[in-house]
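Trainee: Here you go, data.txt (compact mmCIF, C-alpha atoms):
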# COMPACT_ATOMS: atom_id res chain seq x y z
CA MET A 307 119.83 109.34 99.91
CA ALA A 308 119.45 105.63 99.34
CA ARG A 309 122.05 103.53 97.63
CA ARG A 310 120.60 102.62 94.25
CA ILE A 311 122.08 99.32 93.13
CA VAL A 312 121.18 97.87 89.75
CA ILE A 313 121.48 94.10 89.47
CA THR A 314 122.33 93.31 85.87
CA SER A 315 123.94 90.60 83.78
CA GLY A 316 123.31 90.82 80.05
CA LYS A 317 122.48 87.15 79.75
CA GLY A 318 119.17 85.87 81.07
CA GLY A 319 118.80 83.02 83.52
CA VAL A 320 121.93 83.68 85.58
CA GLY A 321 119.99 84.51 88.74
CA LYS A 322 119.44 88.27 88.68
CA THR A 323 115.98 88.16 90.24
CA THR A 324 116.97 85.49 92.78
CA CYS A 325 120.05 87.52 93.66
CA SER A 326 118.01 90.75 93.92
CA TYR A 327 115.53 89.09 96.27
CA LEU A 328 117.99 87.23 98.51
CA LEU A 329 120.40 90.17 98.64
CA GLY A 330 117.53 92.49 99.56
CA LEU A 331 116.29 90.07 102.21
CA ASN A 332 119.74 89.74 103.79
CA LEU A 333 120.33 93.50 103.72
CA ALA A 334 116.97 93.95 105.47
CA LYS A 335 118.06 91.43 108.09
CA LEU A 336 121.08 93.70 108.70
CA ASP A 337 118.62 96.36 109.83
CA ALA A 338 118.56 98.28 106.56
CA ARG A 339 115.36 99.47 104.90
CA VAL A 340 115.29 97.91 101.46
CA VAL A 341 113.01 98.21 98.46
CA ILE A 342 113.39 95.99 95.41
CA LEU A 343 112.12 97.36 92.11
CA ASP A 344 111.11 95.10 89.27
CA VAL A 345 111.91 97.08 86.14
CA ASP A 346 111.74 94.01 83.93
CA ILE A 347 108.57 95.41 82.40
CA GLY A 348 106.87 92.72 80.34
CA LEU A 349 108.80 89.75 81.74
CA ASN A 350 108.38 90.53 85.44
CA ASN A 351 109.09 87.71 87.87
CA LEU A 352 110.03 89.35 91.14
CA ASP A 353 106.44 89.19 92.40
CA VAL A 354 106.39 85.41 92.00
CA VAL A 355 109.90 84.88 93.40
CA ALA A 356 108.99 86.97 96.45
CA GLY A 357 105.56 85.39 96.81
CA ILE A 358 103.75 88.75 96.73
CA ASP A 359 101.83 88.27 93.50
CA THR A 360 98.50 87.89 95.35
CA LYS A 361 99.08 91.02 97.48
CA ILE A 362 99.49 93.57 94.70
CA ASN A 363 96.91 96.34 94.41
CA TYR A 364 98.92 98.83 92.38
CA ASP A 365 102.26 98.51 90.63
CA LEU A 366 105.13 100.55 89.22
CA ILE A 367 103.21 101.47 86.07
CA ASP A 368 100.25 102.72 88.14
CA ALA A 369 102.66 104.93 90.10
CA ILE A 370 104.34 106.23 86.94
CA GLN A 371 100.99 106.98 85.30
CA ASN A 372 99.69 108.69 88.47
CA ARG A 373 96.90 106.20 89.17
CA CYS A 374 98.29 105.86 92.70
CA ARG A 375 100.98 107.27 94.94
CA VAL A 376 104.33 105.47 95.05
CA ARG A 377 103.70 104.35 98.63
CA GLN A 378 100.44 102.72 97.62
CA ALA A 379 102.28 100.58 95.09
CA LEU A 380 104.77 99.25 97.66
CA VAL A 381 104.22 95.76 99.02
CA GLN A 382 105.73 94.81 102.37
CA SER A 383 107.40 91.43 102.67
CA SER A 384 105.72 88.97 105.01
CA VAL A 385 109.16 87.54 105.81
CA CYS A 386 110.94 90.72 106.91
CA SER A 387 109.18 93.95 107.83
CA ARG A 388 112.04 96.12 106.57
CA LEU A 389 111.84 94.68 103.08
CA TYR A 390 109.48 96.17 100.48
CA PHE A 391 108.81 95.52 96.83
CA LEU A 392 107.71 97.76 94.01
CA PRO A 393 106.41 95.17 91.55
CA CYS A 394 105.54 95.57 87.90
CA VAL A 395 102.71 93.34 86.76
CA ASN A 396 100.71 95.66 84.52
CA SER A 397 102.88 94.75 81.61
CA TYR A 398 101.08 94.06 78.37
CA SER A 399 99.40 97.34 77.49
CA VAL A 400 102.09 99.69 78.78
CA GLY A 401 103.46 102.50 76.67
CA ARG A 402 107.13 103.38 76.69
CA VAL A 403 108.32 104.08 80.23
CA THR A 404 111.08 106.64 80.11
CA SER A 405 114.23 106.77 82.23
CA GLU A 406 113.10 110.14 83.60
CA ALA A 407 109.74 108.72 84.74
CA LEU A 408 111.51 105.88 86.53
CA SER A 409 114.00 108.30 88.09
CA ALA A 410 111.11 110.37 89.48
CA ILE A 411 109.78 107.27 91.25
CA LEU A 412 113.20 106.53 92.71
CA ARG A 413 113.56 110.08 94.00
CA GLU A 414 110.40 109.54 96.03
CA LEU A 415 111.81 106.32 97.47
CA ASP A 416 115.20 107.85 98.24
CA ILE A 417 114.19 109.41 101.53
CA SER A 418 112.47 106.33 102.94
CA PHE A 419 114.97 103.59 102.19
CA ASP A 420 118.63 102.78 102.68
CA TYR A 421 118.82 100.58 99.61
CA ILE A 422 116.95 100.61 96.34
CA ILE A 423 117.71 97.41 94.47
CA ILE A 424 116.82 97.55 90.79
CA ASP A 425 116.20 94.19 89.16
CA CYS A 426 117.33 94.85 85.60
CA PRO A 427 115.98 92.96 82.58
CA ALA A 428 118.24 90.72 80.53
CA GLY A 429 119.74 92.11 77.36
CA ILE A 430 121.40 95.41 76.54
CA GLY A 431 118.51 97.25 74.93
CA PHE A 432 116.61 100.33 76.03
CA GLU A 433 115.26 98.58 79.14
CA PHE A 434 118.80 97.85 80.31
CA HIS A 435 119.89 101.46 79.82
CA ARG A 436 116.73 102.75 81.54
CA ALA A 437 117.51 100.66 84.62
CA VAL A 438 121.20 101.63 84.72
CA PHE A 439 120.40 105.32 84.18
CA CYS A 440 118.56 105.38 87.53
CA ALA A 441 121.31 103.64 89.55
CA ASN A 442 124.45 104.88 91.22
CA GLU A 443 126.05 101.47 91.76
CA ALA A 444 125.92 98.26 89.74
CA ILE A 445 126.35 94.59 90.43
CA ILE A 446 126.94 92.27 87.50
CA VAL A 447 125.65 88.78 88.23
CA THR A 448 127.08 85.98 86.15
CA THR A 449 127.60 82.26 86.26
CA PRO A 450 131.03 80.71 85.57
CA HIS A 451 129.82 79.54 82.16
CA MET A 452 131.67 80.93 79.16
CA ILE A 453 128.67 82.51 77.42
CA ALA A 454 127.50 84.22 80.63
CA LEU A 455 131.03 85.53 81.23
CA ARG A 456 131.23 86.90 77.73
CA ASP A 457 127.96 88.79 78.20
CA ALA A 458 129.15 90.03 81.59
CA GLY A 459 132.23 91.44 79.86
CA LYS A 460 130.08 93.27 77.33
CA VAL A 461 127.85 94.65 80.07
CA ALA A 462 130.91 95.81 82.03
CA ASN A 463 132.08 97.69 78.92
CA LEU A 464 128.66 99.35 78.59
CA LEU A 465 128.51 100.26 82.29
CA SER A 466 131.86 102.05 82.03
CA GLY A 467 130.03 104.70 80.01
CA TYR A 468 127.92 105.61 83.05
CA THR A 469 129.07 107.54 86.08
CA LEU A 470 128.53 104.73 88.55
CA GLY A 471 130.21 104.73 91.93
CA GLN A 472 131.02 101.04 91.89
CA ILE A 473 130.67 98.13 89.52
CA GLY A 474 130.92 94.87 91.45
CA LEU A 475 130.80 91.26 90.35
CA VAL A 476 128.83 88.37 91.86
CA ILE A 477 129.45 84.89 90.51
CA ASN A 478 126.50 82.58 90.95
CA ARG A 479 126.34 78.78 90.75
CA VAL A 480 130.02 78.22 91.58
CA ARG A 481 131.09 74.62 92.09
CA ASN A 482 134.26 74.45 94.15
CA ASP A 483 134.85 70.80 93.21
CA PHE A 484 134.90 71.82 89.55
CA VAL A 485 137.20 74.75 90.33
CA SER A 486 139.68 72.54 92.20
CA ARG A 487 139.69 70.11 89.26
CA LYS A 488 140.35 73.06 86.89
CA MET A 489 137.10 72.32 85.05
CA MET A 490 135.69 75.70 86.05
CA ILE A 491 137.56 79.01 86.06
CA SER A 492 138.04 80.25 89.61
CA PRO A 493 136.04 83.32 90.72
CA GLU A 494 139.24 85.29 91.32
CA GLU A 495 140.49 84.57 87.81
CA ILE A 496 137.12 85.54 86.37
CA ALA A 497 137.12 88.85 88.26
CA ASN A 498 140.68 89.48 87.10
CA SER A 499 139.80 88.80 83.45
CA LEU A 500 136.69 90.98 83.61
CA LYS A 501 138.63 93.65 85.53
CA LEU A 502 135.85 93.90 88.11
CA THR A 503 135.77 93.82 91.90
CA LEU A 504 134.56 90.45 93.15
CA LEU A 505 131.93 91.10 95.82
CA GLY A 506 130.93 87.52 96.40
CA THR A 507 130.37 84.05 95.07
CA ILE A 508 127.24 81.96 95.45
CA ARG A 509 127.69 78.23 95.52
CA GLU A 510 125.58 75.98 93.32
CA SER A 511 122.53 75.03 95.35
CA ASN A 512 120.10 72.21 94.72
CA GLU A 513 117.88 73.82 97.33
CA ILE A 514 117.56 77.03 95.28
CA THR A 515 116.64 74.93 92.25
CA ALA A 516 114.05 73.03 94.27
CA LEU A 517 112.58 76.14 95.92
CA SER A 518 112.47 77.95 92.57
CA CYS A 519 110.12 75.25 91.32
CA SER A 520 107.49 76.63 93.66
CA ALA A 521 106.49 80.27 94.08
CA GLY A 522 107.59 82.52 96.93
CA GLU A 523 109.49 79.93 98.93
CA LEU A 524 113.04 81.16 98.44
CA PHE A 525 113.13 82.74 101.89
CA LYS A 526 113.15 79.17 103.28
CA LEU A 527 116.60 78.64 101.78
CA ASN A 528 118.82 77.26 104.49
CA ASP A 529 121.98 75.93 102.90
CA SER A 530 125.45 77.20 102.05
CA ALA A 531 124.04 79.47 99.32
CA MET A 532 122.03 81.43 101.89
CA GLY A 533 125.26 81.87 103.85
CA ASP A 534 126.88 83.19 100.68
CA PHE A 535 124.06 85.72 100.18
CA CYS A 536 124.40 86.77 103.82
CA ALA A 537 128.15 87.30 103.32
CA LEU A 538 127.45 89.25 100.14
CA ALA A 539 124.99 91.50 101.96
CA LYS A 540 127.56 92.16 104.71
CA THR A 541 130.23 93.00 102.13
CA ILE A 542 127.92 95.48 100.45
CA HIS A 543 126.57 96.93 103.69
CA TYR A 544 129.81 97.29 105.63
CA ASN A 545 132.62 97.38 103.09
CA MET A 546 131.39 98.63 99.76
CA ALA A 547 131.09 102.35 99.08
CA SER A 548 129.44 104.67 101.56
CA LYS A 549 127.19 103.73 104.46
CA PRO A 550 123.51 104.61 103.97
CA ASN A 551 122.41 108.02 105.12
CA ARG A 552 119.74 107.55 107.75
CA GLU A 553 119.14 111.20 108.61
CA ASN A 554 115.96 111.59 106.60
CA PHE A 555 114.52 108.30 107.61
CA LEU A 556 110.76 108.04 107.41
CA ASP A 557 108.59 105.20 108.54
CA ILE A 558 106.38 103.87 105.85
CA LYS A 559 102.93 102.68 106.69
CA ILE A 560 100.90 101.10 103.99
CA LYS A 561 97.19 100.57 104.07
CA ARG A 562 96.25 97.31 102.53
CA GLY A 563 93.11 97.35 100.44
CA MET B 124 143.90 76.15 75.17
CA ASN B 125 142.53 76.12 78.72
CA ASN B 126 139.27 77.74 79.79
CA LEU B 127 140.88 80.86 81.25
CA ASN B 128 142.91 81.60 78.12
CA ARG B 129 139.82 80.98 75.99
CA LEU B 130 137.81 83.41 78.15
CA ASN B 131 140.50 86.07 77.90
CA GLN B 132 140.65 85.63 74.13
CA ILE B 133 136.86 86.03 73.84
CA LEU B 134 136.79 89.09 76.12
CA ILE B 135 139.64 90.76 74.22
CA ASN B 136 137.99 90.09 70.85
CA ASP B 137 134.76 91.62 72.17
CA LYS B 138 136.62 94.78 73.13
CA TYR B 139 137.30 95.57 69.48
CA PHE B 140 134.59 97.78 68.07
CA ASP B 141 134.05 100.10 65.16
CA PRO B 142 136.01 103.12 66.37
CA THR B 143 135.16 105.56 63.59
CA ARG B 144 132.84 107.82 65.57
CA PHE B 145 134.77 107.30 68.81
CA ASN B 146 138.04 108.29 67.15
CA GLU B 147 136.41 111.35 65.60
CA LEU B 148 135.17 112.57 69.00
CA LEU B 149 138.50 111.81 70.63
CA GLU B 150 140.37 113.69 67.92
CA ILE B 151 138.15 116.74 68.40
CA GLU B 152 138.87 116.75 72.14
CA VAL B 153 142.60 116.19 71.67
CA TYR B 154 142.71 118.92 69.02
CA LYS B 155 141.06 121.39 71.43
CA VAL B 156 143.77 120.75 74.03
CA LEU B 157 146.75 120.61 71.68
CA SER B 158 145.71 123.75 69.81
CA HIS B 159 146.40 125.74 72.97
CA TYR B 160 150.01 124.64 72.83
CA MET B 161 150.72 124.04 69.16
CA ASP B 162 150.08 125.63 65.79
CA ILE B 163 148.21 122.60 64.49
CA THR B 164 145.26 121.62 62.29
CA ARG B 165 142.78 118.75 62.74
CA GLU B 166 144.33 116.92 59.80
CA GLN B 167 147.70 116.84 61.55
CA ILE B 168 146.31 114.73 64.40
CA SER B 169 145.60 111.04 64.18
CA THR B 170 144.38 108.83 67.02
CA LYS B 171 143.99 105.09 67.33
CA VAL B 172 142.58 102.87 70.05
CA GLU B 173 143.95 99.34 70.26
CA VAL B 174 143.53 96.46 72.68
CA ASP B 175 146.67 94.82 74.08
CA VAL B 176 147.15 91.15 74.96
CA GLU B 177 145.98 91.75 78.55
CA GLY B 178 142.71 93.32 77.41
CA ASN B 179 143.70 96.91 78.21
CA TYR B 180 142.82 99.68 75.80
CA VAL B 181 145.87 101.46 74.37
CA PHE B 182 145.37 104.98 73.08
CA LYS B 183 147.84 106.12 70.46
CA CYS B 184 147.98 109.69 69.25
CA LYS B 185 150.27 111.18 66.62
CA ALA B 186 150.38 114.95 66.21
CA LYS B 187 152.59 116.87 63.78
CA CYS B 188 152.75 120.60 64.20
CA ASN B 189 154.44 123.49 62.48
CA ARG B 190 155.47 125.29 65.65
CA LEU B 191 154.89 125.36 69.40
CA LYS B 192 153.09 128.26 71.02
CA VAL B 193 155.85 129.02 73.50
CA VAL B 194 155.09 132.71 74.00
CA GLY B 195 153.30 133.24 77.28
CA LEU B 196 153.64 129.62 78.41
CA LEU B 197 157.22 129.69 79.68
CA LYS B 198 156.91 132.62 82.08
Translate this file's structure into structure tokens.
Mentor:
Amino acid sequence: MARRIVITSGKGGVGKTTCSYLLGLNLAKLDARVVILDVDIGLNNLDVVAGIDTKINYDLIDAIQNRCRVRQALVQSSVCSRLYFLPCVNSYSVGRVTSEALSAILRELDISFDYIIIDCPAGIGFEFHRAVFCANEAIIVTTPHMIALRDAGKVANLLSGYTLGQIGLVINRVRNDFVSRKMMISPEEIANSLKLTLLGTIRESNEITALSCSAGELFKLNDSAMGDFCALAKTIHYNMASKPNRENFLDIKIKRG
Amino acid sequence: MNNLNRLNQILINDKYFDPTRFNELLEIEVYKVLSHYMDITREQISTKVEVDVEGNYVFKCKAKCNRLKVVGLLK
């Protein structure tokens, strides 16, 4: 069974989708089979971040509504062959997608992947609970800013109501010069206050900001932040929870239309 | 007040919530357990959830009973 990790935050704009993509990419580089699901139905962005928006024939909604098989909705990354995406672009005229329908899709992916990364929408409404319901681990992404930390605390409280194996914390946009000048709370102090396990910190990166201004270029990231994402992937892959079960591994071949 | 203390204050304040329904459910569960050991009614149990200065939840339970059900338990 794949490890299902939901990437959540509460507050929007803290880097959930960027984190989902770069974490997935680095896990795939560690020889794991990874699929990233965009469950931010209505405000989907993963397809643009990953640069796959022009390659989509079917999406998550098509799979849920039986217009295609789940495998047909998967899009393989052009950057790393072990990385796949299940995008969601069919977003305006969609009825209510239930947690059970989403779980059924994940069960089909379980046997073919080591990691299922669920890119959760911002907020704590039904969409948040639907995404968390399908996961067995959670990563809360936050920035060191007070309002993001407050929302992370609220999300951590909500997640404690679910039977999740692990709830980890990733702090994005950390500036060590600010931390050393006591202008920014240190990542360790933040983790301690939120009572969460700190999995990694991502340093503030002008390159991420620059690459985010174009579509699908994030894989070109080549600064300290990419090193941080690589370290995060190694922590999750080698140290956190159980190793992926590879016994029922199936090769996925997708026909492109 | 420095940033860390301010954060802790905000997080602790956010941990307070309307506990009416939560307390009711907790009391039902506690009553089920205690009624095996005590001659007690629901009204004789009161529970309270507080948050301490470190942000931990503190569960307080007060139970008054008429007698303990010692027969069969002390074998």
Trainee: Return as CSV the residues of chain B lying at most 10 Å from chain A, together with the closest atom-to-atom pair for each and the distance in Å to one decimal, counting only C-alpha atoms, with rows in chain order and ascending residue number.
Mentor:
residue,atom,partner,partner_atom,distance
B:Asn125,CA,A:Lys488,CA,9.0
B:Asn126,CA,A:Ile491,CA,6.6
B:Leu127,CA,A:Ile491,CA,6.1
B:Asn128,CA,A:Ser499,CA,9.5
B:Arg129,CA,A:Met452,CA,8.7
B:Leu130,CA,A:Met452,CA,6.7
B:Asn131,CA,A:Ser499,CA,6.2
B:Gln132,CA,A:Ser499,CA,9.9
B:Ile133,CA,A:Arg456,CA,6.9
B:Leu134,CA,A:Arg456,CA,6.2
B:Ile135,CA,A:Gly459,CA,9.3
B:Asp137,CA,A:Lys460,CA,7.2
B:Lys138,CA,A:Asn463,CA,7.9
B:Glu177,CA,A:Ser499,CA,8.4
B:Gly178,CA,A:Ser499,CA,8.1
B:Asn179,CA,A:Lys501,CA,9.5
Trainee: Using C-alpha atoms, can you write the selected residues to a file as a CSV table (one decimal), in the frame of the given file?
Mentor:
chain,number,residue,atom,x,y,z
B,125,ASN,CA,142.5,76.1,78.7
B,126,ASN,CA,139.3,77.7,79.8
B,127,LEU,CA,140.9,80.9,81.2
B,128,ASN,CA,142.9,81.6,78.1
B,129,ARG,CA,139.8,81.0,76.0
B,130,LEU,CA,137.8,83.4,78.2
B,131,ASN,CA,140.5,86.1,77.9
B,132,GLN,CA,140.6,85.6,74.1
B,133,ILE,CA,136.9,86.0,73.8
B,134,LEU,CA,136.8,89.1,76.1
B,135,ILE,CA,139.6,90.8,74.2
B,137,ASP,CA,134.8,91.6,72.2
B,138,LYS,CA,136.6,94.8,73.1
B,177,GLU,CA,146.0,91.8,78.6
B,178,GLY,CA,142.7,93.3,77.4
B,179,ASN,CA,143.7,96.9,78.2
Trainee: CA of Ile514 in chain A and CA of Asn528 in chain A, how far apart in Å?
Mentor: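 Result for CA of Asn528 in chain A versus CA of Ile514 in chain A: 9.3 Å, one decimal.
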Trainee: Find the spatial neighbours of Arg339 in chain A, counting only C-alpha atoms, within a cut-off of 12 Å - ignore same-chain residues fewer than 3 positions away - and output them as a short mmCIF file (atom, residue, chain, number, x, y, z; two decimals) with C-alpha atoms, in the frame of the given file.
Mentor:
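Result file around-v5.cif:
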data_model
loop_
_atom_site.label_atom_id
_atom_site.label_comp_id
_atom_site.auth_asym_id
_atom_site.auth_seq_id
_atom_site.Cartn_x
_atom_site.Cartn_y
_atom_site.Cartn_z
CA MET A 307 119.83 109.34 99.91
CA ALA A 308 119.45 105.63 99.34
CA ARG A 309 122.05 103.53 97.63
CA GLY A 330 117.53 92.49 99.56
CA LEU A 331 116.29 90.07 102.21
CA ASN A 332 119.74 89.74 103.79
CA LEU A 333 120.33 93.50 103.72
CA ALA A 334 116.97 93.95 105.47
CA LYS A 335 118.06 91.43 108.09
CA LEU A 336 121.08 93.70 108.70
CA ILE A 342 113.39 95.99 95.41
CA GLN A 382 105.73 94.81 102.37
CA SER A 383 107.40 91.43 102.67
CA CYS A 386 110.94 90.72 106.91
CA SER A 387 109.18 93.95 107.83
CA ARG A 388 112.04 96.12 106.57
CA LEU A 389 111.84 94.68 103.08
CA TYR A 390 109.48 96.17 100.48
CA PHE A 391 108.81 95.52 96.83
CA LEU A 415 111.81 106.32 97.47
CA ASP A 416 115.20 107.85 98.24
CA ILE A 417 114.19 109.41 101.53
CA SER A 418 112.47 106.33 102.94
CA PHE A 419 114.97 103.59 102.19
CA ASP A 420 118.63 102.78 102.68
CA TYR A 421 118.82 100.58 99.61
CA ILE A 422 116.95 100.61 96.34
CA ILE A 423 117.71 97.41 94.47
CA HIS A 543 126.57 96.93 103.69
CA PRO A 550 123.51 104.61 103.97
CA ASN A 551 122.41 108.02 105.12
CA ARG A 552 119.74 107.55 107.75
CA PHE A 555 114.52 108.30 107.61
CA LEU A 556 110.76 108.04 107.41
CA ASP A 557 108.59 105.20 108.54
CA ILE A 558 106.38 103.87 105.85
#
Trainee: Using all atoms listed in the file, collect all residues at a distance of at most 12 Å from (148.9, 118.1, 73.9) as written in the file, then present them as a list in words.
Mentor: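 All residues meeting the 12 Å criterion around (148.9, 118.1, 73.9) are Glu150, Glu152, Val153, Tyr154, Lys155, Val156, Leu157, Ser158, His159, Tyr160, Met161, Asp162, Ile163, Ile168, Cys184, Lys185, Ala186, Lys187, Cys188, Leu191 and Lys192 of chain B.
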Trainee: How many Å separate CA of Asp353 in chain A from CA of Ala428 in chain A?
Mentor: 16.8 Å
Trainee: For range 131-149 of chain B, what centre and edge lengths in Å (one decimal) does the axis-aligned box get once 3 Å is added on each side of all its listed atoms, as JSON?
Mentor:
{"center_x": 136.7, "center_y": 99.1, "center_z": 70.7, "size_x": 13.8, "size_y": 32.9, "size_z": 20.3}
Trainee: In terms of the shortest atom-to-atom distance over all atoms listed in the file, which of A:Val381, A:Leu329, A:Ile311, A:Ala539 is closest to Leu412 in chain A?
Mentor: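 Among the listed residues, A:Ile311 lies closest to Leu412 in chain A.
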Trainee: Around the point (131.6, 103.3, 72.2), in the coordinates given by the file, pick out the residues reaching within 12 Å, counting all atoms listed in the file, and return them as a ChimeraX atom specification.
Mentor: /A:460,463-468 /B:138-149,172
Trainee: Between A:Glu494, A:Asp346, A:Glu414, A:Asp359, which one has atoms that come closest to Gly431 in chain A, using all atoms listed in the file?
Mentor: A:Asp346
Trainee: Calculate how many Å separate CA of Gly357 in chain A from CA of Ile473 in chain A, rounding to one decimal.
Mentor: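 Atom-to-atom, CA of Gly357 in chain A to CA of Ile473 in chain A, that is 29.1 Å.
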